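query-v6.cif (mmCIF, C-alpha atoms) appears below.
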```cif
data_work
#
loop_
_atom_site.group_PDB
_atom_site.id
_atom_site.type_symbol
_atom_site.label_atom_id
_atom_site.label_comp_id
_atom_site.auth_asym_id
_atom_site.auth_seq_id
_atom_site.Cartn_x
_atom_site.Cartn_y
_atom_site.Cartn_z
ATOM 1 C CA MET A 1 0.000 0.000 0.000
ATOM 2 C CA ALA A 2 1.400 3.396 -0.940
ATOM 3 C CA LYS A 3 2.124 5.992 1.730
ATOM 4 C CA ILE A 4 -0.431 8.411 0.298
ATOM 5 C CA GLU A 5 -3.203 5.842 0.716
ATOM 6 C CA LEU A 6 -2.315 5.445 4.402
ATOM 7 C CA LYS A 7 -2.372 9.207 4.988
ATOM 8 C CA LYS A 8 -5.632 9.917 3.184
ATOM 9 C CA PRO A 9 -7.970 8.499 5.906
ATOM 10 C CA ILE A 10 -6.185 10.548 8.573
ATOM 11 C CA ILE A 11 -6.544 13.747 6.549
ATOM 12 C CA GLU A 12 -10.218 12.944 5.950
ATOM 13 C CA GLU A 13 -10.690 12.336 9.692
ATOM 14 C CA ILE A 14 -9.211 15.750 10.509
ATOM 15 C CA SER A 15 -11.341 17.413 7.805
ATOM 16 C CA ALA A 16 -14.487 15.724 9.145
ATOM 17 C CA THR A 17 -13.672 16.905 12.666
ATOM 18 C CA LEU A 18 -13.200 20.481 11.435
ATOM 19 C CA LYS A 19 -16.332 20.470 9.256
ATOM 20 C CA ASP A 20 -18.784 21.855 11.851
ATOM 21 C CA ALA A 21 -16.200 23.344 14.222
ATOM 22 C CA GLN A 22 -17.059 26.567 16.020
ATOM 23 C CA SER A 23 -13.583 26.757 17.495
ATOM 24 C CA VAL A 24 -10.190 25.109 17.126
ATOM 25 C CA VAL A 25 -7.201 25.529 19.443
ATOM 26 C CA LEU A 26 -3.678 24.247 18.759
ATOM 27 C CA VAL A 27 -1.423 23.416 21.710
ATOM 28 C CA ASP A 28 2.086 22.139 22.332
ATOM 29 C CA TYR A 29 1.684 19.266 24.790
ATOM 30 C CA ARG A 30 5.389 18.466 25.333
ATOM 31 C CA GLY A 31 6.322 17.949 28.947
ATOM 32 C CA LEU A 32 2.901 16.933 30.254
ATOM 33 C CA THR A 33 2.903 13.912 32.513
ATOM 34 C CA VAL A 34 0.634 10.984 31.700
ATOM 35 C CA GLU A 35 -1.570 11.892 34.668
ATOM 36 C CA GLN A 36 -1.896 15.523 33.483
ATOM 37 C CA ASP A 37 -2.641 14.474 29.915
ATOM 38 C CA THR A 38 -5.286 11.995 31.082
ATOM 39 C CA ARG A 39 -6.917 14.648 33.277
ATOM 40 C CA LEU A 40 -6.903 17.173 30.413
ATOM 41 C CA ARG A 41 -8.411 14.700 27.949
ATOM 42 C CA LYS A 42 -11.125 13.746 30.458
ATOM 43 C CA GLU A 43 -12.041 17.377 31.128
ATOM 44 C CA LEU A 44 -12.217 18.157 27.399
ATOM 45 C CA ARG A 45 -14.257 15.022 26.669
ATOM 46 C CA GLU A 46 -16.786 15.951 29.379
ATOM 47 C CA GLN A 47 -17.372 19.264 27.585
ATOM 48 C CA GLY A 48 -17.843 17.558 24.208
ATOM 49 C CA ILE A 49 -14.496 18.731 22.834
ATOM 50 C CA THR A 50 -12.470 16.533 20.479
ATOM 51 C CA TYR A 51 -8.774 16.526 21.448
ATOM 52 C CA LYS A 52 -6.259 14.611 19.396
ATOM 53 C CA VAL A 53 -2.598 14.608 18.445
ATOM 54 C CA TYR A 54 -1.860 14.562 14.721
ATOM 55 C CA LYS A 55 1.270 15.059 12.662
ATOM 56 C CA ASN A 56 1.649 18.646 11.516
ATOM 57 C CA THR A 57 1.859 17.576 7.875
ATOM 58 C CA MET A 58 -1.506 15.814 8.161
ATOM 59 C CA MET A 59 -3.126 18.872 9.728
ATOM 60 C CA ASN A 60 -1.472 21.055 7.084
ATOM 61 C CA PHE A 61 -3.062 18.989 4.291
ATOM 62 C CA ALA A 62 -6.449 19.064 6.064
ATOM 63 C CA PHE A 63 -6.269 22.861 6.566
ATOM 64 C CA LYS A 64 -5.401 23.606 2.910
ATOM 65 C CA GLY A 65 -8.218 25.308 1.046
ATOM 66 C CA THR A 66 -10.360 25.847 4.159
ATOM 67 C CA ASP A 67 -10.869 28.719 6.605
ATOM 68 C CA PHE A 68 -8.465 26.918 8.931
ATOM 69 C CA GLU A 69 -5.534 27.608 6.599
ATOM 70 C CA ALA A 70 -4.756 30.590 8.859
ATOM 71 C CA LEU A 71 -3.568 28.052 11.473
ATOM 72 C CA VAL A 72 -0.761 26.675 9.277
ATOM 73 C CA PRO A 73 1.900 29.057 10.727
ATOM 74 C CA TYR A 74 1.250 27.567 14.194
ATOM 75 C CA LEU A 75 2.100 24.038 13.051
ATOM 76 C CA GLU A 76 5.643 23.906 14.412
ATOM 77 C CA GLY A 77 6.795 21.319 16.913
ATOM 78 C CA PRO A 78 4.444 18.732 18.383
ATOM 79 C CA SER A 79 0.826 19.827 18.057
ATOM 80 C CA ALA A 80 -2.457 18.677 19.478
ATOM 81 C CA ILE A 81 -5.784 20.021 18.304
ATOM 82 C CA ALA A 82 -8.906 20.707 20.379
ATOM 83 C CA VAL A 83 -12.134 21.144 18.411
ATOM 84 C CA SER A 84 -15.574 22.159 19.659
ATOM 85 C CA THR A 85 -18.738 22.086 17.579
ATOM 86 C CA THR A 86 -21.051 23.380 20.314
ATOM 87 C CA ASP A 87 -19.388 25.983 22.573
ATOM 88 C CA ALA A 88 -17.076 28.440 20.814
ATOM 89 C CA THR A 89 -15.167 29.450 23.948
ATOM 90 C CA ALA A 90 -14.940 26.080 25.733
ATOM 91 C CA PRO A 91 -11.625 24.795 24.273
ATOM 92 C CA ALA A 92 -9.881 28.097 24.944
ATOM 93 C CA ARG A 93 -11.331 28.336 28.451
ATOM 94 C CA ILE A 94 -10.430 24.768 29.463
ATOM 95 C CA LEU A 95 -6.956 24.744 27.879
ATOM 96 C CA CYS A 96 -5.964 28.147 29.309
ATOM 97 C CA LYS A 97 -7.187 27.126 32.768
ATOM 98 C CA PHE A 98 -5.250 23.872 32.501
ATOM 99 C CA ALA A 99 -2.135 25.690 31.226
ATOM 100 C CA LYS A 100 -2.068 27.652 34.511
ATOM 101 C CA GLU A 101 -1.848 24.380 36.448
ATOM 102 C CA ALA A 102 0.486 22.595 34.008
ATOM 103 C CA ASP A 103 2.993 25.193 32.843
ATOM 104 C CA LYS A 104 4.354 22.800 30.182
ATOM 105 C CA LEU A 105 1.149 23.079 28.131
ATOM 106 C CA GLU A 106 1.582 25.902 25.626
ATOM 107 C CA ILE A 107 -1.244 27.464 23.630
ATOM 108 C CA LYS A 108 -0.084 28.132 20.057
ATOM 109 C CA GLY A 109 -3.134 29.725 18.481
ATOM 110 C CA GLY A 110 -6.576 28.949 17.202
ATOM 111 C CA MET A 111 -9.733 29.948 15.419
ATOM 112 C CA VAL A 112 -13.023 30.947 16.958
ATOM 113 C CA GLU A 113 -16.058 31.344 14.713
ATOM 114 C CA GLY A 114 -13.930 31.970 11.614
ATOM 115 C CA MET A 115 -11.408 34.391 13.158
ATOM 116 C CA ALA A 116 -7.780 33.352 13.691
ATOM 117 C CA TYR A 117 -6.105 34.268 16.996
ATOM 118 C CA ASP A 118 -2.613 33.921 18.402
ATOM 119 C CA ALA A 119 -1.938 32.598 21.911
ATOM 120 C CA LYS A 120 -2.732 35.978 23.528
ATOM 121 C CA GLY A 121 -6.011 36.214 21.615
ATOM 122 C CA ILE A 122 -7.006 32.721 22.706
ATOM 123 C CA ALA A 123 -6.196 33.687 26.315
ATOM 124 C CA ASP A 124 -8.521 36.700 25.969
ATOM 125 C CA ILE A 125 -11.290 34.499 24.536
ATOM 126 C CA ALA A 126 -10.851 32.131 27.476
ATOM 127 C CA LYS A 127 -12.075 34.926 29.764
ATOM 128 C CA ILE A 128 -15.465 35.022 28.028
ATOM 129 C CA PRO A 129 -18.086 33.038 29.968
ATOM 130 C CA SER A 130 -19.817 30.104 28.305
ATOM 131 C CA ARG A 131 -23.065 30.588 26.415
ATOM 132 C CA ASP A 132 -25.042 28.971 29.250
ATOM 133 C CA GLU A 133 -23.492 31.326 31.820
ATOM 134 C CA LEU A 134 -24.307 34.365 29.666
ATOM 135 C CA ILE A 135 -27.921 33.219 29.218
ATOM 136 C CA SER A 136 -28.343 32.644 32.958
ATOM 137 C CA LYS A 137 -26.951 36.138 33.680
ATOM 138 C CA LEU A 138 -29.359 37.639 31.157
ATOM 139 C CA LEU A 139 -32.310 35.782 32.648
ATOM 140 C CA GLY A 140 -31.233 36.872 36.120
ATOM 141 C CA SER A 141 -31.124 40.483 34.962
ATOM 142 C CA LEU A 142 -34.574 40.183 33.431
ATOM 143 C CA GLN A 143 -36.012 38.424 36.468
ATOM 144 C CA SER A 144 -34.702 40.916 39.047
ATOM 145 C CA PRO A 145 -37.153 43.798 38.355
ATOM 146 C CA ILE A 146 -40.081 41.364 38.270
ATOM 147 C CA THR A 147 -39.020 39.872 41.596
ATOM 148 C CA ASN A 148 -38.660 43.324 43.176
ATOM 149 C CA PHE A 149 -42.099 44.367 41.872
ATOM 150 C CA ALA A 150 -43.645 41.187 43.283
ATOM 151 C CA ARG A 151 -41.971 41.824 46.646
ATOM 152 C CA VAL A 152 -43.360 45.400 46.816
ATOM 153 C CA MET A 153 -46.849 44.198 45.891
ATOM 154 C CA ASN A 154 -46.645 41.523 48.583
ATOM 155 C CA GLN A 155 -45.633 44.113 51.201
ATOM 156 C CA LEU A 156 -48.537 46.339 50.180
ATOM 157 C CA ALA A 157 -50.936 43.412 50.476
ATOM 158 C CA GLU A 158 -49.634 42.601 53.973
ATOM 159 C CA LYS A 159 -50.131 46.221 55.113
ATOM 160 C CA GLY A 160 -53.722 46.403 53.975
ATOM 161 C CA GLY A 161 -53.594 46.423 50.234
ATOM 162 C CA ALA A 162 -55.154 49.147 48.120
ATOM 163 C CA SER A 163 -57.174 50.656 51.014
ATOM 164 C CA ALA A 164 -53.923 51.589 52.778
ATOM 165 C CA CYS A 165 -52.688 53.308 49.625
ATOM 166 C CA GLU A 166 -55.968 55.190 49.154
ATOM 167 C CA ALA A 167 -55.958 56.294 52.786
ATOM 168 C CA ALA A 168 -52.399 57.562 52.461
ATOM 169 C CA GLU A 169 -53.343 59.549 49.334
ATOM 170 C CA ALA A 170 -56.536 60.966 50.834
ATOM 171 C CA ALA A 171 -54.976 62.176 54.100
ATOM 172 C CA PRO A 172 -52.664 64.817 52.594
ATOM 173 C CA ALA A 173 -55.551 66.175 50.448
ATOM 174 C CA GLU A 174 -57.696 66.897 53.535
ATOM 175 C CA GLU A 175 -54.918 68.801 55.328
ATOM 176 C CA THR A 176 -54.287 71.387 52.593
ATOM 177 C CA PRO A 177 -56.112 74.668 53.135
ATOM 178 C CA ALA A 178 -58.574 75.777 50.482
ATOM 179 C CA GLU A 179 -58.086 79.163 48.906
#
```
When written as structure tokens, how does the structure in this file appear?
Amino acid sequence: MAKIELKKPIIEEISATLKDAQSVVLVDYRGLTVEQDTRLRKELREQGITYKVYKNTMMNFAFKGTDFEALVPYLEGPSAIAVSTTDATAPARILCKFAKEADKLEIKGGMVEGMAYDAKGIADIAKIPSRDELISKLLGSLQSPITNFARVMNQLAEKGGASACEAAEAAPAEETPAE
């Protein structure tokens, strides 16, 4: 079997992984212990992120002619690729957090929703909360005024309801002198 025929399925596998990707992050994994690598892979898997080590030449062939061609300059030294099809910030967030614990893990660069970023850009993206966190904050912001209104209405009801409000409005009107 020719070498090209052996490489073709790997290139197709990488291309298939990248097909629906919202984000891709390239890392240099040299120096990680087996325990650290296992922990990292488990954490990424739990978030639905594909993490795999490929030869740079294979990734280079898979990137050619796609939006991911901007990542070719980062393919130096050993490279692993983390791909997410659901949460655009998850790979950056998890890998940057893990890189703080394991200083041997080095972020090379990546792409998020069609934009290429260097290591610093990926670190900035890692600071963005997940989509679920942003939605919960939005819902909390929307719910707060409703909750406060309900609390005020409840306090009014406990003090006597609308009759207490009407009595409070009527009292100042009786005290004003007529001209």
query = Evaluating the PyMOL selection byres ((chain A and resi 107-114) around 6) on the displayed file yields which residues, as a ChimeraX atom specification?
reply = /A:22-27,106,115-119
Checklist line | Of the listed residues A:Glu101, A:Glu35, A:Glu46, A:Asp28, that which approaches Gly77 (chain A) most closely, counting only C-alpha atoms | finding: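 Closest to Gly77 (chain A) of all the choices is A:Asp28.
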Would you give the centre and edge lengths, in Å to one decimal, of a box along x, y and z around the listed atoms of region 67-85 of chain A, with 3 Å added to each side, as AutoDock Vina command-line options?
```
--center_x -6.0 --center_y 24.6 --center_z 13.5 --size_x 31.5 --size_y 17.9 --size_z 19.8
```
Tell me, in Å to one decimal, how far CA of Ile94 (chain A) is from CA of Ala62 (chain A).
->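 Separation between CA of Ile94 (chain A) and CA of Ala62 (chain A): 24.4 Å.
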Among A:Gly121, A:Lys52, A:Ala82, A:Met58, Pro9 (chain A) is approached most closely, using all atoms listed in the file, by A:Met58
Atom pair CA of Cys96 (chain A) + CA of Thr66 (chain A), distance 25.6 Å
One residue among A:Thr89, A:Thr57, A:Thr50, A:Gln36 is nearest to Lys127 (chain A) when using all atoms listed in the file, and that residue is A:Thr89
From the set A:Lys97, A:Ser84, A:Arg151, A:Ala90, which residue has the shortest atom-to-atom contact distance to Glu133 (chain A), counting all atoms listed in the file?
->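 Among A:Lys97, A:Ser84, A:Arg151, A:Ala90, it is A:Ala90 that comes nearest to Glu133 (chain A).
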Once the PyMOL selection byres ((chain A and resi 63) around 12) has been applied to the shown file, what residues remain in the selection, as a compact mmCIF listing (two decimals) with C-alpha atoms, keeping the file's coordinate frame?
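Okay, this is what ended up in out.txt:
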```txt
# COMPACT_ATOMS: atom_id res chain seq x y z
CA ILE A 11 -6.54 13.75 6.55
CA GLU A 12 -10.22 12.94 5.95
CA GLU A 13 -10.69 12.34 9.69
CA ILE A 14 -9.21 15.75 10.51
CA SER A 15 -11.34 17.41 7.80
CA ALA A 16 -14.49 15.72 9.14
CA THR A 17 -13.67 16.90 12.67
CA LEU A 18 -13.20 20.48 11.44
CA LYS A 19 -16.33 20.47 9.26
CA VAL A 24 -10.19 25.11 17.13
CA ASN A 56 1.65 18.65 11.52
CA THR A 57 1.86 17.58 7.88
CA MET A 58 -1.51 15.81 8.16
CA MET A 59 -3.13 18.87 9.73
CA ASN A 60 -1.47 21.06 7.08
CA PHE A 61 -3.06 18.99 4.29
CA ALA A 62 -6.45 19.06 6.06
CA LYS A 64 -5.40 23.61 2.91
CA GLY A 65 -8.22 25.31 1.05
CA THR A 66 -10.36 25.85 4.16
CA ASP A 67 -10.87 28.72 6.60
CA PHE A 68 -8.46 26.92 8.93
CA GLU A 69 -5.53 27.61 6.60
CA ALA A 70 -4.76 30.59 8.86
CA LEU A 71 -3.57 28.05 11.47
CA VAL A 72 -0.76 26.68 9.28
CA PRO A 73 1.90 29.06 10.73
CA TYR A 74 1.25 27.57 14.19
CA LEU A 75 2.10 24.04 13.05
CA MET A 111 -9.73 29.95 15.42
```
- Would you mind reading off the distance between CA of Glu43 (chain A) and CA of Tyr29 (chain A), one decimal, in Å?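 CA of Tyr29 (chain A) lies 15.2 Å from CA of Glu43 (chain A).
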With distances taken over all atoms listed in the file, which residue among A:Pro78, A:Asp87, A:Leu32, A:Leu134 lies nearest Gly48 (chain A)?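 Checking each of A:Pro78, A:Asp87, A:Leu32, A:Leu134 against Gly48 (chain A), counting all atoms listed in the file, the winner is A:Asp87.
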In terms of only C-alpha atoms, the residue from A:Ser144, A:Leu138, A:Val53, A:Ala88 at minimal distance from Ile125 (chain A) is A:Ala88
N, CA and C atoms restored at region 15-35 of chain A, emitted as a PDB file, in the frame of the given file:
```pdb
ATOM      1  N   SER A  15     -10.390  16.561   8.534  1.00  0.00           N
ATOM      2  CA  SER A  15     -11.341  17.413   7.805  1.00  0.00           C
ATOM      3  C   SER A  15     -12.764  17.229   8.329  1.00  0.00           C
ATOM      4  N   ALA A  16     -13.150  15.996   8.615  1.00  0.00           N
ATOM      5  CA  ALA A  16     -14.487  15.724   9.145  1.00  0.00           C
ATOM      6  C   ALA A  16     -14.661  16.349  10.530  1.00  0.00           C
ATOM      7  N   THR A  17     -13.617  16.311  11.333  1.00  0.00           N
ATOM      8  CA  THR A  17     -13.672  16.905  12.666  1.00  0.00           C
ATOM      9  C   THR A  17     -13.836  18.426  12.573  1.00  0.00           C
ATOM     10  N   LEU A  18     -13.171  19.029  11.597  1.00  0.00           N
ATOM     11  CA  LEU A  18     -13.200  20.481  11.435  1.00  0.00           C
ATOM     12  C   LEU A  18     -14.465  20.986  10.747  1.00  0.00           C
ATOM     13  N   LYS A  19     -15.200  20.082  10.098  1.00  0.00           N
ATOM     14  CA  LYS A  19     -16.332  20.470   9.256  1.00  0.00           C
ATOM     15  C   LYS A  19     -17.310  21.410   9.958  1.00  0.00           C
ATOM     16  N   ASP A  20     -17.794  21.055  11.120  1.00  0.00           N
ATOM     17  CA  ASP A  20     -18.784  21.855  11.851  1.00  0.00           C
ATOM     18  C   ASP A  20     -18.187  22.573  13.054  1.00  0.00           C
ATOM     19  N   ALA A  21     -16.879  22.765  13.062  1.00  0.00           N
ATOM     20  CA  ALA A  21     -16.200  23.344  14.222  1.00  0.00           C
ATOM     21  C   ALA A  21     -16.550  24.812  14.417  1.00  0.00           C
ATOM     22  N   GLN A  22     -16.892  25.165  15.655  1.00  0.00           N
ATOM     23  CA  GLN A  22     -17.059  26.567  16.020  1.00  0.00           C
ATOM     24  C   GLN A  22     -15.726  27.146  16.463  1.00  0.00           C
ATOM     25  N   SER A  23     -14.900  26.288  17.064  1.00  0.00           N
ATOM     26  CA  SER A  23     -13.583  26.757  17.495  1.00  0.00           C
ATOM     27  C   SER A  23     -12.567  25.626  17.455  1.00  0.00           C
ATOM     28  N   VAL A  24     -11.313  26.034  17.203  1.00  0.00           N
ATOM     29  CA  VAL A  24     -10.190  25.109  17.126  1.00  0.00           C
ATOM     30  C   VAL A  24      -9.030  25.765  17.857  1.00  0.00           C
ATOM     31  N   VAL A  25      -8.369  25.012  18.735  1.00  0.00           N
ATOM     32  CA  VAL A  25      -7.201  25.529  19.443  1.00  0.00           C
ATOM     33  C   VAL A  25      -6.054  24.539  19.268  1.00  0.00           C
ATOM     34  N   LEU A  26      -4.888  25.061  18.894  1.00  0.00           N
ATOM     35  CA  LEU A  26      -3.678  24.247  18.759  1.00  0.00           C
ATOM     36  C   LEU A  26      -2.812  24.447  19.989  1.00  0.00           C
ATOM     37  N   VAL A  27      -2.282  23.342  20.529  1.00  0.00           N
ATOM     38  CA  VAL A  27      -1.423  23.416  21.710  1.00  0.00           C
ATOM     39  C   VAL A  27      -0.173  22.573  21.511  1.00  0.00           C
ATOM     40  N   ASP A  28       0.864  22.937  22.247  1.00  0.00           N
ATOM     41  CA  ASP A  28       2.086  22.139  22.332  1.00  0.00           C
ATOM     42  C   ASP A  28       2.002  21.398  23.658  1.00  0.00           C
ATOM     43  N   TYR A  29       1.929  20.095  23.603  1.00  0.00           N
ATOM     44  CA  TYR A  29       1.684  19.266  24.790  1.00  0.00           C
ATOM     45  C   TYR A  29       2.958  18.703  25.404  1.00  0.00           C
ATOM     46  N   ARG A  30       4.125  19.039  24.833  1.00  0.00           N
ATOM     47  CA  ARG A  30       5.389  18.466  25.333  1.00  0.00           C
ATOM     48  C   ARG A  30       5.576  18.756  26.819  1.00  0.00           C
ATOM     49  N   GLY A  31       6.012  17.766  27.535  1.00  0.00           N
ATOM     50  CA  GLY A  31       6.322  17.949  28.947  1.00  0.00           C
ATOM     51  C   GLY A  31       5.190  17.600  29.892  1.00  0.00           C
ATOM     52  N   LEU A  32       3.996  17.320  29.374  1.00  0.00           N
ATOM     53  CA  LEU A  32       2.901  16.933  30.254  1.00  0.00           C
ATOM     54  C   LEU A  32       3.125  15.509  30.740  1.00  0.00           C
ATOM     55  N   THR A  33       2.811  15.264  31.990  1.00  0.00           N
ATOM     56  CA  THR A  33       2.903  13.912  32.513  1.00  0.00           C
ATOM     57  C   THR A  33       1.686  13.126  32.010  1.00  0.00           C
ATOM     58  N   VAL A  34       1.750  11.830  32.122  1.00  0.00           N
ATOM     59  CA  VAL A  34       0.634  10.984  31.700  1.00  0.00           C
ATOM     60  C   VAL A  34      -0.612  11.331  32.507  1.00  0.00           C
ATOM     61  N   GLU A  35      -0.443  11.557  33.790  1.00  0.00           N
ATOM     62  CA  GLU A  35      -1.570  11.892  34.668  1.00  0.00           C
ATOM     63  C   GLU A  35      -2.197  13.221  34.235  1.00  0.00           C
TER      64      GLU A  35
END
```
